[in-house]
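> File name data12.pdb; file contents PDB, C-alpha atoms; full text below.
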ATOM      1  CA  MET A   1     -84.693 -47.846 -32.733
ATOM      2  CA  GLU A   2     -86.654 -47.507 -29.514
ATOM      3  CA  LEU A   3     -85.307 -46.409 -26.134
ATOM      4  CA  LYS A   4     -85.514 -49.959 -24.741
ATOM      5  CA  ASP A   5     -83.372 -51.162 -27.665
ATOM      6  CA  ILE A   6     -80.735 -48.549 -26.842
ATOM      7  CA  TYR A   7     -80.710 -49.637 -23.183
ATOM      8  CA  GLU A   8     -80.323 -53.287 -24.236
ATOM      9  CA  LEU A   9     -77.520 -52.326 -26.619
ATOM     10  CA  PHE A  10     -75.791 -50.403 -23.815
ATOM     11  CA  ASP A  11     -76.105 -53.361 -21.415
ATOM     12  CA  ARG A  12     -74.679 -55.786 -23.984
ATOM     13  CA  PHE A  13     -71.819 -53.417 -24.773
ATOM     14  CA  GLU A  14     -71.069 -52.965 -21.063
ATOM     15  CA  SER A  15     -70.831 -56.725 -20.484
ATOM     16  CA  SER A  16     -68.783 -57.374 -23.634
ATOM     17  CA  SER A  17     -65.011 -57.234 -24.042
ATOM     18  CA  CYS A  18     -65.340 -54.545 -26.744
ATOM     19  CA  ARG A  19     -63.727 -51.197 -25.898
ATOM     20  CA  LYS A  20     -65.491 -49.054 -28.533
ATOM     21  CA  MET A  21     -68.612 -49.272 -30.676
ATOM     22  CA  GLU A  22     -70.121 -46.865 -33.197
ATOM     23  CA  LEU A  23     -73.562 -47.103 -34.761
ATOM     24  CA  ASP A  24     -75.086 -44.999 -37.548
ATOM     25  CA  MET A  25     -78.805 -45.535 -38.036
ATOM     26  CA  ASN A  26     -81.566 -43.351 -39.485
ATOM     27  CA  GLY A  27     -79.444 -40.201 -39.264
ATOM     28  CA  ALA A  28     -78.401 -40.857 -35.652
ATOM     29  CA  HIS A  29     -74.820 -41.518 -34.602
ATOM     30  CA  LEU A  30     -74.093 -43.324 -31.343
ATOM     31  CA  CYS A  31     -70.574 -43.899 -30.055
ATOM     32  CA  LEU A  32     -69.926 -45.980 -26.933
ATOM     33  CA  GLU A  33     -66.413 -46.206 -25.560
ATOM     34  CA  LYS A  34     -65.117 -47.780 -22.376
ATOM     35  CA  GLY A  35     -62.455 -46.019 -20.356
ATOM     36  CA  GLU A  36     -61.247 -45.974 -16.789
ATOM     37  CA  TYR A  37     -62.977 -43.549 -14.435
ATOM     38  CA  ASN A  38     -62.431 -43.994 -10.691
ATOM     39  CA  GLY A  39     -62.086 -47.737 -11.165
ATOM     40  CA  GLY A  40     -65.297 -47.995 -13.200
ATOM     41  CA  THR A  41     -66.334 -47.776 -16.796
ATOM     42  CA  VAL A  42     -67.586 -44.676 -18.541
ATOM     43  CA  ALA A  43     -69.546 -44.530 -21.783
ATOM     44  CA  THR A  44     -69.719 -41.491 -24.017
ATOM     45  CA  SER A  45     -72.107 -40.753 -26.821
ATOM     46  CA  VAL A  46     -72.262 -38.296 -29.660
ATOM     47  CA  PRO A  47     -75.624 -36.513 -29.764
ATOM     48  CA  VAL A  48     -78.098 -37.143 -32.556
ATOM     49  CA  ARG A  49     -77.962 -34.485 -35.252
ATOM     50  CA  PRO A  50     -81.553 -33.889 -36.423
ATOM     51  CA  ALA A  51     -82.243 -32.024 -39.643
ATOM     52  CA  SER A  52     -83.515 -28.938 -37.804
ATOM     53  CA  MET A  53     -84.142 -27.518 -34.331
ATOM     54  CA  GLU A  54     -87.899 -28.023 -34.881
ATOM     55  CA  ALA A  55     -87.285 -31.719 -35.539
ATOM     56  CA  ALA A  56     -85.167 -31.947 -32.385
ATOM     57  CA  ALA A  57     -87.886 -30.297 -30.285
ATOM     58  CA  LYS A  58     -90.507 -32.656 -31.725
ATOM     59  CA  GLU A  59     -88.320 -35.709 -30.957
ATOM     60  CA  ILE A  60     -87.800 -34.575 -27.357
ATOM     61  CA  GLN A  61     -91.535 -34.012 -26.853
ATOM     62  CA  ASN A  62     -92.359 -37.447 -28.274
ATOM     63  CA  VAL A  63     -89.906 -39.339 -26.052
ATOM     64  CA  ALA A  64     -91.160 -40.022 -22.547
ATOM     65  CA  ALA A  65     -88.901 -41.394 -19.836
ATOM     66  CA  PRO A  66     -89.694 -45.052 -19.192
ATOM     67  CA  ALA A  67     -91.196 -46.040 -15.868
ATOM     68  CA  ALA A  68     -88.710 -47.004 -13.188
ATOM     69  CA  THR A  69     -87.602 -50.595 -13.498
ATOM     70  CA  VAL A  70     -88.728 -52.624 -10.505
ATOM     71  CA  THR A  71     -87.071 -55.837  -9.446
ATOM     72  CA  GLU A  72     -87.054 -57.634  -6.150
ATOM     73  CA  ALA A  73     -84.129 -56.583  -3.965
ATOM     74  CA  SER A  74     -84.957 -59.295  -1.435
ATOM     75  CA  GLU A  75     -88.047 -61.178  -0.372
ATOM     76  CA  GLU A  76     -89.216 -58.246   1.755
ATOM     77  CA  THR A  77     -88.199 -55.268  -0.411
ATOM     78  CA  ILE A  78     -88.705 -53.969  -3.927
ATOM     79  CA  ALA A  79     -85.973 -51.921  -5.638
ATOM     80  CA  VAL A  80     -86.986 -48.848  -7.615
ATOM     81  CA  ARG A  81     -84.260 -48.484 -10.233
ATOM     82  CA  ALA A  82     -83.156 -45.567 -12.382
ATOM     83  CA  PRO A  83     -84.963 -45.597 -15.743
ATOM     84  CA  LEU A  84     -82.151 -43.559 -17.355
ATOM     85  CA  VAL A  85     -78.708 -42.100 -16.729
ATOM     86  CA  GLY A  86     -78.641 -38.661 -15.124
ATOM     87  CA  THR A  87     -78.403 -36.695 -11.884
ATOM     88  CA  PHE A  88     -80.694 -37.921  -9.108
ATOM     89  CA  TYR A  89     -82.442 -35.408  -6.863
ATOM     90  CA  ARG A  90     -84.417 -36.264  -3.746
ATOM     91  CA  ALA A  91     -86.239 -32.879  -3.761
ATOM     92  CA  ALA A  92     -87.686 -30.461  -6.305
ATOM     93  CA  GLY A  93     -85.165 -27.778  -5.352
ATOM     94  CA  PRO A  94     -82.191 -27.043  -3.084
ATOM     95  CA  ASN A  95     -84.292 -25.633  -0.228
ATOM     96  CA  GLU A  96     -87.264 -27.984  -0.689
ATOM     97  CA  GLU A  97     -88.272 -30.962   1.436
ATOM     98  CA  PRO A  98     -87.329 -34.367  -0.029
ATOM     99  CA  PHE A  99     -90.073 -36.174  -1.929
ATOM    100  CA  VAL A 100     -89.729 -39.152   0.439
ATOM    101  CA  LYS A 101     -87.875 -40.083   3.617
ATOM    102  CA  GLU A 102     -86.999 -43.474   5.098
ATOM    103  CA  GLY A 103     -90.002 -44.930   6.917
ATOM    104  CA  GLN A 104     -92.488 -42.830   4.935
ATOM    105  CA  LYS A 105     -95.540 -44.514   3.400
ATOM    106  CA  VAL A 106     -95.935 -44.016  -0.359
ATOM    107  CA  HIS A 107     -98.721 -44.859  -2.774
ATOM    108  CA  LYS A 108     -98.426 -46.129  -6.322
ATOM    109  CA  GLY A 109     -97.667 -43.162  -8.592
ATOM    110  CA  ASP A 110     -96.209 -40.896  -5.874
ATOM    111  CA  VAL A 111     -93.075 -39.041  -6.983
ATOM    112  CA  VAL A 112     -90.094 -40.448  -5.059
ATOM    113  CA  GLY A 113     -87.340 -38.514  -6.866
ATOM    114  CA  ILE A 114     -86.318 -36.884 -10.125
ATOM    115  CA  ILE A 115     -83.524 -37.537 -12.576
ATOM    116  CA  GLU A 116     -82.125 -34.674 -14.627
ATOM    117  CA  ALA A 117     -80.915 -35.746 -18.049
ATOM    118  CA  MET A 118     -80.053 -33.331 -20.843
ATOM    119  CA  LYS A 119     -81.666 -30.410 -18.950
ATOM    120  CA  LEU A 120     -84.959 -32.326 -18.669
ATOM    121  CA  MET A 121     -86.410 -33.324 -15.299
ATOM    122  CA  ASN A 122     -87.836 -36.855 -15.286
ATOM    123  CA  GLU A 123     -90.027 -37.900 -12.371
ATOM    124  CA  VAL A 124     -89.429 -41.295 -10.781
ATOM    125  CA  THR A 125     -92.634 -42.649  -9.272
ATOM    126  CA  ALA A 126     -93.461 -45.415  -6.828
ATOM    127  CA  PRO A 127     -94.528 -48.516  -8.756
ATOM    128  CA  GLN A 128     -96.712 -49.740  -5.883
ATOM    129  CA  ASP A 129     -97.842 -48.869  -2.378
ATOM    130  CA  GLY A 130     -95.245 -49.405   0.317
ATOM    131  CA  ILE A 131     -92.951 -47.943   2.945
ATOM    132  CA  VAL A 132     -89.574 -46.460   2.021
ATOM    133  CA  ASP A 133     -86.987 -48.867   3.411
ATOM    134  CA  SER A 134     -83.804 -47.155   2.200
ATOM    135  CA  ILE A 135     -82.555 -44.533  -0.257
ATOM    136  CA  PRO A 136     -79.141 -45.741  -1.469
ATOM    137  CA  ALA A 137     -78.845 -43.142  -4.270
ATOM    138  CA  GLU A 138     -77.115 -39.929  -3.207
ATOM    139  CA  ASP A 139     -78.828 -36.593  -3.749
ATOM    140  CA  GLY A 140     -77.242 -34.554  -6.547
ATOM    141  CA  LYS A 141     -75.064 -37.436  -7.767
ATOM    142  CA  MET A 142     -74.992 -39.204 -11.120
ATOM    143  CA  VAL A 143     -76.915 -42.457 -11.334
ATOM    144  CA  GLU A 144     -76.556 -45.156 -13.942
ATOM    145  CA  TYR A 145     -79.335 -46.881 -15.830
ATOM    146  CA  ASN A 146     -80.909 -49.586 -13.652
ATOM    147  CA  GLN A 147     -79.127 -48.425 -10.464
ATOM    148  CA  ILE A 148     -81.169 -48.851  -7.273
ATOM    149  CA  LEU A 149     -82.540 -45.480  -6.161
ATOM    150  CA  ILE A 150     -84.963 -46.486  -3.422
ATOM    151  CA  THR A 151     -86.151 -49.705  -1.812
ATOM    152  CA  LEU A 152     -89.710 -50.226  -0.604
ATOM    153  CA  LYS A 153     -91.139 -52.691   1.926
TER     154      LYS A 153
END
Before we go any further, please render this structure as structure tokens.


Amino acid sequence: MELKDIYELFDRFESSSCRKMELDMNGAHLCLEKGEYNGGTVATSVPVRPASMEAAAKEIQNVAAPAATVTEASEETIAVRAPLVGTFYRAAGPNEEPFVKEGQKVHKGDVVGIIEAMKLMNEVTAPQDGIVDSIPAEDGKMVEYNQILITLK
């Protein structure tokens, strides 16, 4: 099962009336369960149990974070969305300058933020040239898959 399949499965589960789902496949166990959390829905998962730590390290090295999903937010703006669930950071460190600010010009491939997931830092890059219109995602806060992080004009 590829990462895009897992995201599709998560989206279908989220929009369904099911409260809990478990899946065992190729030695991996995934458990999704809906529950109330500040008026929203929360999903939990049980980590994959590889045969050895070497196998786990190899799996992590072979999995790259997908590029940020881009969809039109309006006719004038493009939304850069979170490619995975994690903690969004606007800067490389607490005392560092943000990667981008509102009104700043960016080029395709420029880092516009990072998402920390499972102790790994995943860069989010600009999908095209543009000017940062807004940054709706809060620094240091959890973001959901496909949540708008930044909009470009």

> Atom CA of Tyr89 of chain A and atom CA of Ala137 of chain A, how far apart in Å?

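Calculated distance between atom CA of Ala137 of chain A and atom CA of Tyr89 of chain A is 8.9 Å.
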
> Just so the selection is clear, what residues does the PyMOL selection byres ((chain A and resi 104) around 9) cover here, as a ChimeraX atom specification?

/A:100-103,105-106,130-133

> Provide the atom CA of Phe10 of chain A to atom CA of Ala79 of chain A distance in Å, to one decimal place.

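Taking atom CA of Phe10 of chain A as the start and atom CA of Ala79 of chain A as the end point, the length is 20.9 Å.
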
> Just checking: using all atoms listed in the file, which residue out of A:Leu84, A:Ala126, A:Leu32, A:Met21 ends up closest to Tyr145 of chain A?

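Ranking A:Leu84, A:Ala126, A:Leu32, A:Met21 by distance to Tyr145 of chain A, first place goes to A:Leu84.
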
> To one decimal place, how far is atom CA of Asp139 of chain A from atom CA of Phe88 of chain A in Å?

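If I compute the distance from atom CA of Asp139 of chain A to atom CA of Phe88 of chain A, I get 5.8 Å.
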
> Starting from the displayed file, determine the output of the PyMOL selection byres ((chain A and resi 20) around 8) and express the residue list as a list in words.

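Taken on the displayed file, the PyMOL selection byres ((chain A and resi 20) around 8) yields the residues Cys18, Arg19, Met21, Glu22, Cys31, Leu32, Glu33 and Lys34 of chain A.
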
> Write out as a short mmCIF file (atom, residue, chain, number, x, y, z; two decimals) with C-alpha atoms, keeping the file's coordinate frame the residues lying within 9 Å of Ile148 of chain A, counting all atoms listed in the file and excluding same-chain residues fewer than 3 positions away.


data_model
loop_
_atom_site.label_atom_id
_atom_site.label_comp_id
_atom_site.auth_asym_id
_atom_site.auth_seq_id
_atom_site.Cartn_x
_atom_site.Cartn_y
_atom_site.Cartn_z
CA ALA A 73 -84.13 -56.58 -3.96
CA ALA A 79 -85.97 -51.92 -5.64
CA VAL A 80 -86.99 -48.85 -7.62
CA ARG A 81 -84.26 -48.48 -10.23
CA ALA A 82 -83.16 -45.57 -12.38
CA ILE A 135 -82.56 -44.53 -0.26
CA PRO A 136 -79.14 -45.74 -1.47
CA ALA A 137 -78.84 -43.14 -4.27
CA VAL A 143 -76.92 -42.46 -11.33
CA GLU A 144 -76.56 -45.16 -13.94
CA TYR A 145 -79.33 -46.88 -15.83
CA THR A 151 -86.15 -49.70 -1.81
#

> Near Val124 of chain A, counting only C-alpha atoms, which residues have an atom at most 7 Å away, once you skip same-chain residues fewer than 3 positions from it, shown as a count of residues only?

5

> Taking the file above as input, evaluate the PyMOL selection byres ((chain A and resi 93) around 12) and report the hits as a PyMOL selection string.

chain A and resi 88-92+94-99+113-114+116+121+139-140

> Between A:Met118, A:Val85, A:Ala28, A:Leu9, single out the one closest to Leu149 of chain A, counting all atoms listed in the file.

A:Val85

> As a CSV table (one decimal), in the frame of the given file, please: segment 92-117 of chain A completed to N, CA and C atoms.


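To be explicit, this is the file written out as selection-v5.csv:
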chain,number,residue,atom,x,y,z
A,92,ALA,N,-87.4,-31.3,-5.1
A,92,ALA,CA,-87.7,-30.5,-6.3
A,92,ALA,C,-86.7,-29.3,-6.4
A,93,GLY,N,-86.1,-28.9,-5.3
A,93,GLY,CA,-85.2,-27.8,-5.4
A,93,GLY,C,-84.2,-27.8,-4.2
A,94,PRO,N,-83.2,-27.0,-4.2
A,94,PRO,CA,-82.2,-27.0,-3.1
A,94,PRO,C,-82.8,-26.8,-1.7
A,95,ASN,N,-83.7,-26.0,-1.5
A,95,ASN,CA,-84.3,-25.6,-0.2
A,95,ASN,C,-85.6,-26.3,0.0
A,96,GLU,N,-86.0,-27.3,-0.8
A,96,GLU,CA,-87.3,-28.0,-0.7
A,96,GLU,C,-87.1,-29.2,0.2
A,97,GLU,N,-88.2,-29.7,0.7
A,97,GLU,CA,-88.3,-31.0,1.4
A,97,GLU,C,-88.1,-32.1,0.4
A,98,PRO,N,-87.5,-33.2,0.9
A,98,PRO,CA,-87.3,-34.4,0.0
A,98,PRO,C,-88.7,-34.9,-0.4
A,99,PHE,N,-88.8,-35.6,-1.5
A,99,PHE,CA,-90.1,-36.2,-1.9
A,99,PHE,C,-90.5,-37.3,-0.9
A,100,VAL,N,-89.5,-38.1,-0.5
A,100,VAL,CA,-89.7,-39.2,0.4
A,100,VAL,C,-88.6,-39.3,1.4
A,101,LYS,N,-88.9,-39.8,2.6
A,101,LYS,CA,-87.9,-40.1,3.6
A,101,LYS,C,-88.0,-41.5,4.0
A,102,GLU,N,-86.9,-42.1,4.6
A,102,GLU,CA,-87.0,-43.5,5.1
A,102,GLU,C,-88.1,-43.6,6.1
A,103,GLY,N,-88.9,-44.7,6.0
A,103,GLY,CA,-90.0,-44.9,6.9
A,103,GLY,C,-91.3,-44.3,6.5
A,104,GLN,N,-91.3,-43.5,5.4
A,104,GLN,CA,-92.5,-42.8,4.9
A,104,GLN,C,-93.3,-43.8,4.1
A,105,LYS,N,-94.6,-43.7,4.2
A,105,LYS,CA,-95.5,-44.5,3.4
A,105,LYS,C,-95.7,-43.8,2.1
A,106,VAL,N,-95.7,-44.6,1.0
A,106,VAL,CA,-95.9,-44.0,-0.4
A,106,VAL,C,-97.0,-44.8,-1.0
A,107,HIS,N,-97.7,-44.2,-2.0
A,107,HIS,CA,-98.7,-44.9,-2.8
A,107,HIS,C,-98.2,-45.0,-4.2
A,108,LYS,N,-98.8,-45.9,-4.9
A,108,LYS,CA,-98.4,-46.1,-6.3
A,108,LYS,C,-98.6,-44.8,-7.1
A,109,GLY,N,-97.6,-44.4,-7.8
A,109,GLY,CA,-97.7,-43.2,-8.6
A,109,GLY,C,-97.1,-41.9,-7.9
A,110,ASP,N,-96.8,-42.0,-6.6
A,110,ASP,CA,-96.2,-40.9,-5.9
A,110,ASP,C,-94.8,-40.7,-6.4
A,111,VAL,N,-94.4,-39.4,-6.5
A,111,VAL,CA,-93.1,-39.0,-7.0
A,111,VAL,C,-92.1,-39.3,-5.8
A,112,VAL,N,-91.1,-40.1,-6.1
A,112,VAL,CA,-90.1,-40.4,-5.1
A,112,VAL,C,-88.7,-39.8,-5.3
A,113,GLY,N,-88.6,-39.2,-6.5
A,113,GLY,CA,-87.3,-38.5,-6.9
A,113,GLY,C,-87.4,-38.0,-8.3
A,114,ILE,N,-86.4,-37.3,-8.7
A,114,ILE,CA,-86.3,-36.9,-10.1
A,114,ILE,C,-84.9,-37.1,-10.6
A,115,ILE,N,-84.8,-37.4,-11.9
A,115,ILE,CA,-83.5,-37.5,-12.6
A,115,ILE,C,-83.4,-36.5,-13.7
A,116,GLU,N,-82.4,-35.7,-13.6
A,116,GLU,CA,-82.1,-34.7,-14.6
A,116,GLU,C,-81.2,-35.3,-15.7
A,117,ALA,N,-81.7,-35.2,-16.9
A,117,ALA,CA,-80.9,-35.7,-18.0
A,117,ALA,C,-81.1,-34.8,-19.2
